[in-house]
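Peer 1: File model28.cif below, mmCIF, C-alpha atoms:
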```
data_model
loop_
_atom_site.label_atom_id
_atom_site.label_comp_id
_atom_site.auth_asym_id
_atom_site.auth_seq_id
_atom_site.Cartn_x
_atom_site.Cartn_y
_atom_site.Cartn_z
CA ALA P 8 17.14 0.35 -17.71
CA SER P 9 15.83 -0.66 -14.30
CA MET P 10 12.40 -2.13 -13.83
CA ARG P 11 9.46 0.27 -13.62
CA ALA P 12 6.70 -0.06 -11.07
CA MET P 13 3.29 1.55 -10.86
CA LEU P 14 1.62 2.29 -7.54
CA LEU P 15 -2.15 2.43 -7.96
CA CYS P 16 -3.45 5.37 -5.93
CA ALA P 17 -6.56 6.48 -7.82
CA GLY P 18 -9.21 4.94 -5.55
CA LEU P 19 -11.81 6.79 -3.49
CA GLY P 20 -11.54 5.10 -0.08
CA THR P 21 -15.27 5.31 0.55
CA ARG P 22 -15.29 2.85 3.47
CA LEU P 23 -13.05 5.15 5.50
CA GLY P 24 -15.62 7.93 5.79
CA LYS P 25 -14.17 11.25 6.89
CA LEU P 26 -10.61 9.90 7.00
CA SER P 27 -10.45 9.77 3.22
CA ASP P 28 -12.11 13.17 2.82
CA GLU P 29 -8.87 14.69 4.06
CA ARG P 30 -6.28 12.43 2.47
CA PRO P 31 -6.35 9.75 -0.21
CA LYS P 32 -6.05 6.30 1.41
CA PRO P 33 -2.39 5.73 0.39
CA MET P 34 -1.49 8.87 2.37
CA LEU P 35 -3.03 7.73 5.67
CA PRO P 36 -0.21 7.85 8.23
CA VAL P 37 0.83 4.58 9.92
CA CYS P 38 3.48 5.02 12.64
CA ASP P 39 3.73 8.59 11.27
CA HIS P 40 4.70 7.52 7.72
CA PRO P 41 2.18 7.57 4.84
CA ILE P 42 1.13 4.07 3.74
CA LEU P 43 2.55 4.86 0.30
CA ALA P 44 6.02 5.51 1.77
CA TYR P 45 6.13 1.85 2.88
CA GLY P 46 5.52 0.61 -0.65
CA ILE P 47 8.08 3.02 -2.09
CA SER P 48 10.78 2.21 0.48
CA ASN P 49 10.32 -1.53 -0.10
CA LEU P 50 10.64 -1.07 -3.88
CA VAL P 51 13.70 1.18 -3.53
CA GLY P 52 15.24 -1.29 -1.06
CA HIS P 53 14.92 -3.96 -3.77
CA GLY P 54 16.46 -1.69 -6.42
CA VAL P 55 13.21 -0.63 -8.14
CA ARG P 56 13.40 3.16 -8.35
CA ASP P 57 11.50 4.22 -11.48
CA LEU P 58 7.97 4.70 -10.22
CA VAL P 59 4.69 5.90 -11.69
CA ILE P 60 1.77 6.90 -9.45
CA ASN P 61 -1.76 7.40 -10.74
CA THR P 62 -4.02 9.80 -8.87
CA HIS P 63 -7.68 10.74 -8.81
CA HIS P 64 -9.09 11.77 -5.41
CA ARG P 65 -6.91 14.45 -3.71
CA GLY P 66 -3.94 13.72 -5.94
CA ASP P 67 -2.48 17.08 -4.91
CA VAL P 68 -1.90 15.65 -1.41
CA ILE P 69 0.25 12.84 -2.83
CA GLU P 70 2.26 15.07 -5.15
CA ARG P 71 2.92 17.64 -2.41
CA ALA P 72 4.12 15.02 0.05
CA LEU P 73 6.26 12.88 -2.27
CA GLY P 74 7.34 15.29 -5.00
CA ASP P 75 9.78 13.74 -7.46
CA GLY P 76 10.65 11.06 -4.90
CA ARG P 77 14.30 12.04 -4.64
CA HIS P 78 14.26 12.18 -0.82
CA LEU P 79 12.99 8.58 -0.90
CA GLY P 80 15.65 7.39 -3.33
CA ALA P 81 13.10 7.08 -6.13
CA ARG P 82 12.18 8.79 -9.41
CA ILE P 83 8.43 9.37 -9.33
CA ARG P 84 6.19 10.48 -12.18
CA TYR P 85 2.45 11.05 -11.92
CA VAL P 86 -0.49 10.42 -14.18
CA HIS P 87 -3.83 11.94 -13.22
CA GLU P 88 -7.11 10.18 -13.93
CA PRO P 89 -10.03 12.63 -14.12
CA VAL P 90 -12.25 9.52 -14.40
CA ILE P 91 -11.18 6.42 -12.44
CA LEU P 92 -9.90 3.78 -14.87
CA GLY P 93 -9.53 0.77 -12.54
CA THR P 94 -6.62 -1.57 -11.85
CA GLY P 95 -6.09 -2.46 -15.51
CA GLY P 96 -7.23 0.74 -17.19
CA GLY P 97 -4.92 2.78 -14.98
CA LEU P 98 -1.93 0.76 -16.16
CA LYS P 99 -2.95 0.98 -19.82
CA HIS P 100 -3.46 4.74 -19.46
CA ALA P 101 0.11 5.07 -18.10
CA LEU P 102 1.85 2.99 -20.79
CA ALA P 103 3.73 5.99 -22.20
CA LEU P 104 5.43 6.35 -18.80
CA LEU P 105 5.77 2.61 -18.11
CA ASP P 106 7.26 1.71 -21.49
CA PRO P 107 8.71 4.94 -22.91
CA ASP P 108 11.26 3.17 -25.12
CA GLY P 109 8.95 0.42 -26.37
CA THR P 110 11.20 -2.32 -24.99
CA ASP P 111 8.23 -4.21 -23.48
CA ALA P 112 10.20 -4.83 -20.26
CA PRO P 113 8.19 -6.31 -17.36
CA VAL P 114 6.27 -3.85 -15.20
CA LEU P 115 5.38 -4.29 -11.53
CA SER P 116 1.94 -3.08 -10.39
CA LEU P 117 1.14 -2.52 -6.71
CA ASN P 118 -1.94 -1.38 -4.85
CA GLY P 119 -0.98 1.86 -3.09
CA LYS P 120 -3.04 1.20 0.05
CA LEU P 121 -0.95 -1.78 1.18
CA ILE P 122 1.81 -2.22 3.69
CA PHE P 123 3.31 -5.41 2.35
CA ASP P 124 6.69 -6.89 3.28
CA LEU P 125 7.01 -8.44 -0.16
CA ASP P 126 10.28 -10.01 -1.31
CA VAL P 127 10.34 -8.22 -4.67
CA GLY P 128 13.51 -10.04 -5.77
CA ALA P 129 11.93 -13.45 -5.21
CA LEU P 130 8.79 -12.33 -7.07
CA LEU P 131 10.82 -11.24 -10.10
CA ASP P 132 12.83 -14.49 -10.02
CA THR P 133 9.54 -16.44 -10.03
CA HIS P 134 8.25 -14.36 -12.94
CA ARG P 135 11.42 -14.94 -14.98
CA ALA P 136 11.40 -18.68 -14.24
CA ALA P 137 7.74 -18.93 -15.33
CA GLY P 138 8.74 -18.14 -18.90
CA ASP P 139 6.08 -17.07 -21.36
CA VAL P 140 3.17 -16.01 -19.14
CA LEU P 141 0.67 -13.15 -19.29
CA GLY P 142 1.71 -12.13 -15.80
CA THR P 143 2.58 -13.31 -12.31
CA MET P 144 0.06 -12.64 -9.55
CA VAL P 145 1.13 -12.40 -5.91
CA VAL P 146 -1.17 -14.52 -3.77
CA ARG P 147 -1.32 -15.61 -0.15
CA ARG P 148 -3.15 -18.41 1.60
CA VAL P 149 -5.96 -17.13 3.85
CA ASP P 150 -8.84 -18.71 5.79
CA ASP P 151 -11.52 -16.54 4.18
CA ALA P 152 -10.25 -16.59 0.59
CA VAL P 153 -13.70 -16.56 -0.98
CA ALA P 154 -14.56 -13.27 0.78
CA TRP P 155 -11.50 -11.73 -0.90
CA GLY P 156 -12.23 -13.19 -4.34
CA ALA P 157 -10.51 -16.57 -4.15
CA VAL P 158 -7.64 -17.48 -6.44
CA ASP P 159 -7.29 -21.15 -7.38
CA VAL P 160 -3.57 -22.00 -7.58
CA ARG P 161 -2.20 -25.29 -8.95
CA ASP P 162 1.29 -26.65 -9.51
CA ASP P 163 2.53 -28.35 -12.64
CA ALA P 164 5.85 -28.83 -14.44
CA GLY P 165 5.93 -25.11 -15.23
CA GLY P 166 5.48 -24.11 -11.57
CA ALA P 167 2.66 -22.56 -9.57
CA HIS P 168 -0.01 -20.98 -11.75
CA VAL P 169 -3.52 -19.56 -11.51
CA VAL P 170 -6.36 -21.67 -12.89
CA ASP P 171 -9.30 -19.55 -11.73
CA ILE P 172 -10.09 -16.26 -9.97
CA LEU P 173 -13.20 -15.09 -8.06
CA GLY P 174 -14.43 -18.67 -7.66
CA GLN P 175 -13.13 -21.27 -5.22
CA GLY P 176 -9.63 -21.52 -3.84
CA VAL P 177 -7.59 -20.98 -0.68
CA HIS P 178 -5.52 -18.01 -1.83
CA MET P 179 -6.30 -14.30 -2.12
CA PHE P 180 -4.80 -11.94 -4.68
CA CYS P 181 -2.55 -9.46 -2.88
CA GLY P 182 -2.99 -6.57 -5.31
CA VAL P 183 0.52 -6.96 -6.76
CA HIS P 184 1.43 -8.48 -10.11
CA VAL P 185 4.11 -8.41 -12.81
CA THR P 186 3.12 -8.16 -16.46
CA ARG P 187 4.26 -6.64 -19.76
CA PRO P 188 3.11 -3.52 -21.64
CA SER P 189 2.18 -5.69 -24.67
CA VAL P 190 -0.21 -7.61 -22.41
CA LEU P 191 -1.71 -4.39 -20.99
CA ARG P 192 -2.42 -3.15 -24.53
CA ARG P 193 -4.90 -6.04 -24.91
CA LEU P 194 -7.18 -4.56 -22.24
CA PRO P 195 -10.26 -2.67 -23.41
CA ASP P 196 -9.90 1.13 -23.47
CA GLY P 197 -11.36 3.12 -20.61
CA GLU P 198 -12.22 1.58 -17.26
CA ALA P 199 -10.93 -1.98 -16.86
CA CYS P 200 -10.27 -4.28 -13.92
CA MET P 201 -7.02 -6.23 -14.35
CA VAL P 202 -8.75 -9.39 -13.10
CA ARG P 203 -12.28 -9.14 -14.54
CA GLN P 204 -11.38 -7.70 -17.96
CA GLY P 205 -7.83 -9.08 -18.10
CA TYR P 206 -6.50 -12.18 -16.41
CA LEU P 207 -9.84 -13.95 -15.93
CA PRO P 208 -11.04 -13.87 -19.58
CA TRP P 209 -7.49 -14.52 -20.79
CA LEU P 210 -7.20 -17.60 -18.53
CA ARG P 211 -10.48 -18.92 -19.92
CA THR P 212 -9.11 -18.72 -23.46
CA GLY P 213 -6.01 -20.71 -22.55
CA GLY P 214 -3.60 -18.01 -21.37
CA ARG P 215 -1.20 -18.80 -18.52
CA VAL P 216 -0.77 -16.67 -15.40
CA ALA P 217 1.94 -17.61 -12.90
CA ALA P 218 1.48 -17.36 -9.13
CA TYR P 219 4.00 -16.16 -6.57
CA GLN P 220 2.99 -17.41 -3.12
CA HIS P 221 3.83 -14.97 -0.35
CA GLU P 222 4.29 -16.87 2.91
CA GLY P 223 4.73 -15.19 6.29
CA GLY P 224 5.81 -11.56 6.19
CA TYR P 225 3.53 -8.64 6.93
CA PHE P 226 0.51 -7.84 4.75
CA ALA P 227 -2.13 -5.24 5.57
CA GLU P 228 -4.66 -3.34 3.53
CA HIS P 229 -6.30 -0.36 5.14
CA SER P 230 -9.81 -0.01 3.77
CA THR P 231 -11.64 0.19 7.11
CA VAL P 232 -10.89 2.23 10.22
CA GLU P 233 -10.49 -0.99 12.25
CA ARG P 234 -7.90 -2.43 9.87
CA TYR P 235 -6.08 0.89 9.78
CA LEU P 236 -5.81 1.01 13.59
CA GLU P 237 -4.79 -2.66 13.71
CA SER P 238 -1.97 -2.05 11.26
CA ASP P 239 -0.60 0.90 13.25
CA GLN P 240 -0.68 -1.23 16.41
CA ALA P 241 0.97 -4.23 14.72
CA LEU P 242 3.87 -2.14 13.43
CA LEU P 243 4.29 -0.38 16.78
CA GLY P 244 4.32 -3.86 18.32
CA GLY P 245 7.48 -4.79 16.47
CA VAL P 246 6.42 -6.42 13.20
CA CYS P 247 9.61 -6.70 11.17
CA LEU P 248 9.77 -5.07 7.73
CA ARG P 249 12.69 -5.61 5.35
CA HIS P 250 12.77 -1.98 4.20
CA PRO P 251 10.78 0.34 6.50
CA PRO P 252 10.40 4.00 5.46
CA GLY P 253 12.06 5.16 8.70
CA ARG P 254 11.75 4.67 12.43
CA LEU P 255 8.42 3.12 13.40
CA THR P 256 8.63 3.37 17.21
CA GLY P 257 10.04 5.59 19.91
CA ILE P 258 10.05 9.30 20.62
CA ASP P 259 11.59 11.63 18.05
CA PRO P 260 14.36 13.77 19.59
CA THR P 261 12.57 16.95 18.47
CA ALA P 262 9.28 16.02 20.19
CA ARG P 263 8.53 17.89 23.42
CA VAL P 264 7.12 15.62 26.09
CA HIS P 265 6.23 17.34 29.39
CA PRO P 266 8.17 15.84 32.33
CA ASP P 267 4.83 15.09 34.07
CA ALA P 268 3.44 13.17 31.07
CA VAL P 269 3.48 9.35 31.10
CA VAL P 270 4.55 7.40 28.02
CA GLN P 271 3.62 3.71 27.93
CA HIS P 272 5.52 1.95 25.15
CA PRO P 273 5.14 0.94 22.39
CA VAL P 274 4.48 4.40 20.96
CA ARG P 275 5.62 6.54 18.07
CA ILE P 276 5.82 10.25 18.87
CA GLY P 277 6.82 12.12 15.74
CA PRO P 278 9.05 15.13 15.06
CA GLY P 279 7.91 18.35 16.74
CA ALA P 280 4.95 16.73 18.50
CA ARG P 281 4.00 18.24 21.88
CA ILE P 282 2.64 16.26 24.83
CA GLY P 283 1.15 18.26 27.74
CA ALA P 284 1.48 17.83 31.51
CA GLY P 285 -0.21 14.78 32.99
CA ALA P 286 -1.06 13.32 29.59
CA VAL P 287 -0.84 9.53 29.27
CA ILE P 288 0.26 8.28 25.85
CA GLY P 289 0.06 4.58 24.95
CA PRO P 290 0.40 1.79 24.80
CA SER P 291 0.04 1.29 21.03
CA THR P 292 -0.44 4.96 20.16
CA THR P 293 1.06 7.08 17.39
CA VAL P 294 1.23 10.86 17.71
CA GLY P 295 2.16 12.35 14.33
CA ALA P 296 4.64 15.08 13.49
CA GLY P 297 3.71 18.49 14.88
CA ALA P 298 0.60 17.17 16.63
CA GLU P 299 -0.38 18.50 20.04
CA VAL P 300 -1.86 16.50 22.91
CA ALA P 301 -3.34 18.71 25.64
CA ALA P 302 -2.59 18.37 29.35
CA GLY P 303 -4.33 15.51 31.14
CA VAL P 304 -5.45 13.66 28.00
CA THR P 305 -5.15 9.83 27.94
CA LEU P 306 -4.71 8.10 24.57
CA THR P 307 -4.66 4.30 24.21
CA ARG P 308 -4.45 2.44 20.87
CA CYS P 309 -4.97 5.71 19.02
CA VAL P 310 -3.59 7.34 15.91
CA VAL P 311 -3.14 11.10 15.99
CA TRP P 312 -2.51 12.56 12.55
CA PRO P 313 0.32 15.01 11.89
CA GLY P 314 -0.65 18.52 12.95
CA ALA P 315 -3.79 17.45 14.83
CA GLN P 316 -4.72 18.94 18.20
CA VAL P 317 -6.19 16.53 20.74
CA THR P 318 -8.08 17.97 23.69
CA ARG P 319 -9.96 14.89 24.93
CA SER P 320 -9.09 11.31 25.86
CA GLY P 321 -9.79 8.33 23.61
CA SER P 322 -9.06 4.71 22.84
CA ASP P 323 -9.17 2.86 19.48
CA GLU P 324 -9.69 6.21 17.78
CA VAL P 325 -8.23 8.24 14.97
CA PHE P 326 -7.77 11.97 15.58
CA THR P 327 -7.50 13.80 12.26
CA VAL P 328 -6.47 17.37 11.66
CA ALA P 329 -10.07 18.50 11.35
CA GLY P 330 -10.77 16.70 14.62
#
```
Write the structure described by the file as structure tokens, please.
Peer 2:
Amino acid sequence: ASMRAMLLCAGLGTRLGKLSDERPKPMLPVCDHPILAYGISNLVGHGVRDLVINTHHRGDVIERALGDGRHLGARIRYVHEPVILGTGGGLKHALALLDPDGTDAPVLSLNGKLIFDLDVGALLDTHRAAGDVLGTMVVRRVDDAVAWGAVDVRDDAGGAHVVDILGQGVHMFCGVHVTRPSVLRRLPDGEACMVRQGYLPWLRTGGRVAAYQHEGGYFAEHSTVERYLESDQALLGGVCLRHPPGRLTGIDPTARVHPDAVVQHPVRIGPGARIGAGAVIGPSTTVGAGAEVAAGVTLTRCVVWPGAQVTRSGSDEVFTVAG
């Protein structure tokens, strides 16, 4: 049996205001692909195809868009959370899907709102080499680690491991970890944070948690409008991903761009999008599938959602379907 992975998608996305009223955060389009498609394509590219997605807010949007995952090369099953159960509780709640045969094989957990060029193979190698650990947390070195809930990482004969979380340290937790179903069963029932109710108390009673240090490679989380726009612009600008979900730049052959429109690359203009006469698109602008930009409109560093209609100019803005 191949490894199973769970993509955590049950959050509320409150800091995104009206953006997350329309779509759950993992479905926000970046370069005209939902954030979640990046996580799935990276997993599938590394041979991890058995996926579980938990949903809460607007879960219907996720299920409609991704279905059973076949078109993405994956096998997706869903578990709905009427009450949000948190990063640990969500995993425990999904154990019947994550460990259906009771083999206690390792499970990969990923935050669904990330675009993360993670070397999944190297992570799993690190986890195997660490031996008998509660889990392996993916961390990266950042300047403002404490603001992210610092992770204190030390090396010893057994390799890199976590000695403390949410205290001092120069690493942040990247929202990805490998653990086992038998470990998840130790969490309290109901709502539980994997760090606060799991790894942190377990560390303090002598448990060992390995650390996989992600160096270089793209990492973005999209919990504010600014970060969301930055991520779209970075990927348009040519950030390299090992396993992208599809084309990230250029004009789709089915888009209709008026001969009098001006396109300033880098841009992504999606399938069936329509650009009117005299419009100026770009640089660093994504126009989603089926969206319409009216004549004479100038868009710079913008994201236009699929199906949206844009009738006025803007910069550093997101144009959603509801406008």
Peer 1: Enumerate, as a ChimeraX atom specification, the residues matched when the PyMOL selection byres ((chain P and resi 150-164) around 12) is run on the file above.
Peer 2: /P:136-138,143-149,165-182,202-203,206-207,210,215-220,228
Peer 1: Restricting it to C-alpha atoms, dump the selection as an mmCIF file, keeping the file's coordinate frame.
Peer 2:
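result_24.cif was written with the following content:
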```cif
data_model
loop_
_atom_site.group_PDB
_atom_site.id
_atom_site.type_symbol
_atom_site.label_atom_id
_atom_site.label_comp_id
_atom_site.auth_asym_id
_atom_site.auth_seq_id
_atom_site.Cartn_x
_atom_site.Cartn_y
_atom_site.Cartn_z
ATOM 1 C CA ALA P 136 11.400 -18.680 -14.240
ATOM 2 C CA ALA P 137 7.740 -18.930 -15.330
ATOM 3 C CA GLY P 138 8.740 -18.140 -18.900
ATOM 4 C CA THR P 143 2.580 -13.310 -12.310
ATOM 5 C CA MET P 144 0.060 -12.640 -9.550
ATOM 6 C CA VAL P 145 1.130 -12.400 -5.910
ATOM 7 C CA VAL P 146 -1.170 -14.520 -3.770
ATOM 8 C CA ARG P 147 -1.320 -15.610 -0.150
ATOM 9 C CA ARG P 148 -3.150 -18.410 1.600
ATOM 10 C CA VAL P 149 -5.960 -17.130 3.850
ATOM 11 C CA GLY P 165 5.930 -25.110 -15.230
ATOM 12 C CA GLY P 166 5.480 -24.110 -11.570
ATOM 13 C CA ALA P 167 2.660 -22.560 -9.570
ATOM 14 C CA HIS P 168 -0.010 -20.980 -11.750
ATOM 15 C CA VAL P 169 -3.520 -19.560 -11.510
ATOM 16 C CA VAL P 170 -6.360 -21.670 -12.890
ATOM 17 C CA ASP P 171 -9.300 -19.550 -11.730
ATOM 18 C CA ILE P 172 -10.090 -16.260 -9.970
ATOM 19 C CA LEU P 173 -13.200 -15.090 -8.060
ATOM 20 C CA GLY P 174 -14.430 -18.670 -7.660
ATOM 21 C CA GLN P 175 -13.130 -21.270 -5.220
ATOM 22 C CA GLY P 176 -9.630 -21.520 -3.840
ATOM 23 C CA VAL P 177 -7.590 -20.980 -0.680
ATOM 24 C CA HIS P 178 -5.520 -18.010 -1.830
ATOM 25 C CA MET P 179 -6.300 -14.300 -2.120
ATOM 26 C CA PHE P 180 -4.800 -11.940 -4.680
ATOM 27 C CA CYS P 181 -2.550 -9.460 -2.880
ATOM 28 C CA GLY P 182 -2.990 -6.570 -5.310
ATOM 29 C CA VAL P 202 -8.750 -9.390 -13.100
ATOM 30 C CA ARG P 203 -12.280 -9.140 -14.540
ATOM 31 C CA TYR P 206 -6.500 -12.180 -16.410
ATOM 32 C CA LEU P 207 -9.840 -13.950 -15.930
ATOM 33 C CA LEU P 210 -7.200 -17.600 -18.530
ATOM 34 C CA ARG P 215 -1.200 -18.800 -18.520
ATOM 35 C CA VAL P 216 -0.770 -16.670 -15.400
ATOM 36 C CA ALA P 217 1.940 -17.610 -12.900
ATOM 37 C CA ALA P 218 1.480 -17.360 -9.130
ATOM 38 C CA TYR P 219 4.000 -16.160 -6.570
ATOM 39 C CA GLN P 220 2.990 -17.410 -3.120
ATOM 40 C CA GLU P 228 -4.660 -3.340 3.530
#
```
Peer 1: Find the distance between CA of Ile83 in chain P and CA of Ile60 in chain P and write it in Å to one decimal.
Peer 2: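 One can read the CA of Ile83 in chain P to CA of Ile60 in chain P distance as 7.1 Å.
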Peer 1: Kindly indicate which residue among P:Ala298, P:Pro33, P:Asp106, P:Cys309 lies nearest to Leu243 in chain P, using all atoms listed in the file for the distances.
Peer 2: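 Of P:Ala298, P:Pro33, P:Asp106, P:Cys309, the one nearest Leu243 in chain P, counting all atoms listed in the file, is P:Cys309.
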Peer 1: With a distance cut-off of 9 Å and all atoms listed in the file, select the neighbouring residues of Val232 in chain P, excluding the residue or stretch itself and same-chain residues fewer than 3 positions from it, and output the selection as a PyMOL selection string.
Peer 2: chain P and resi 22-24+26+229+235-237+324-325
Peer 1: Mind telling me what the PyMOL selection byres ((chain P and resi 127) around 10) catches here, as a PyMOL selection string?
Peer 2: chain P and resi 49-50+52-55+115+124-126+128-133
Peer 1: I need the chosen residues saved as a PDB file, keeping the file's coordinate frame, with C-alpha atoms.
Peer 2:
```pdb
ATOM      1  CA  ASN P  49      10.320  -1.530  -0.100  1.00  0.00           C
ATOM      2  CA  LEU P  50      10.640  -1.070  -3.880  1.00  0.00           C
ATOM      3  CA  GLY P  52      15.240  -1.290  -1.060  1.00  0.00           C
ATOM      4  CA  HIS P  53      14.920  -3.960  -3.770  1.00  0.00           C
ATOM      5  CA  GLY P  54      16.460  -1.690  -6.420  1.00  0.00           C
ATOM      6  CA  VAL P  55      13.210  -0.630  -8.140  1.00  0.00           C
ATOM      7  CA  LEU P 115       5.380  -4.290 -11.530  1.00  0.00           C
ATOM      8  CA  ASP P 124       6.690  -6.890   3.280  1.00  0.00           C
ATOM      9  CA  LEU P 125       7.010  -8.440  -0.160  1.00  0.00           C
ATOM     10  CA  ASP P 126      10.280 -10.010  -1.310  1.00  0.00           C
ATOM     11  CA  GLY P 128      13.510 -10.040  -5.770  1.00  0.00           C
ATOM     12  CA  ALA P 129      11.930 -13.450  -5.210  1.00  0.00           C
ATOM     13  CA  LEU P 130       8.790 -12.330  -7.070  1.00  0.00           C
ATOM     14  CA  LEU P 131      10.820 -11.240 -10.100  1.00  0.00           C
ATOM     15  CA  ASP P 132      12.830 -14.490 -10.020  1.00  0.00           C
ATOM     16  CA  THR P 133       9.540 -16.440 -10.030  1.00  0.00           C
TER      17      THR P 133
END
```
Peer 1: What does the distance from CA of Asp259 in chain P to CA of Val287 in chain P come to in Å, to one decimal?
Peer 2: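 Atom-to-atom, CA of Asp259 in chain P to CA of Val287 in chain P, that is 16.9 Å.
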Peer 1: Could you check which of P:Met34, P:Cys16, P:Val51, P:Ala112 is closest to His87 in chain P, using all atoms listed in the file?
Peer 2: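 Comparing P:Met34, P:Cys16, P:Val51, P:Ala112 against His87 in chain P, the winner is P:Cys16.
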Peer 1: Apply the PyMOL selection byres ((chain P and resi 38) around 8) to the structure shown and report the selected residues as a ChimeraX atom specification.
Peer 2: /P:36-37,39-40,239,242-243,255-256,275,293,295
Peer 1: Taking only C-alpha atoms into account, name the residue in P:Thr94, P:Thr110, P:Thr212, P:Gln240 that is nearest to Ser189 in chain P.
Peer 2: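 Among the listed residues, the smallest separation from Ser189 in chain P belongs to P:Thr110.
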Peer 1: Please determine, counting all atoms listed in the file, which residue among P:Val264, P:His250, P:Gly285, P:Ser238 has the shortest atom-to-atom distance to Arg308 in chain P.
Peer 2: P:Ser238
Peer 1: CA of Glu299 in chain P to CA of Ala315 in chain P: how many Å, to one decimal?
Peer 2: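 Between these atoms lies a distance of 6.3 Å.
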Peer 1: Between P:Gly66, P:Gly257, P:Gly289, P:Pro278, which residue has the minimum interatomic distance to Asp28 in chain P, considering all atoms listed in the file?
Peer 2: P:Gly66
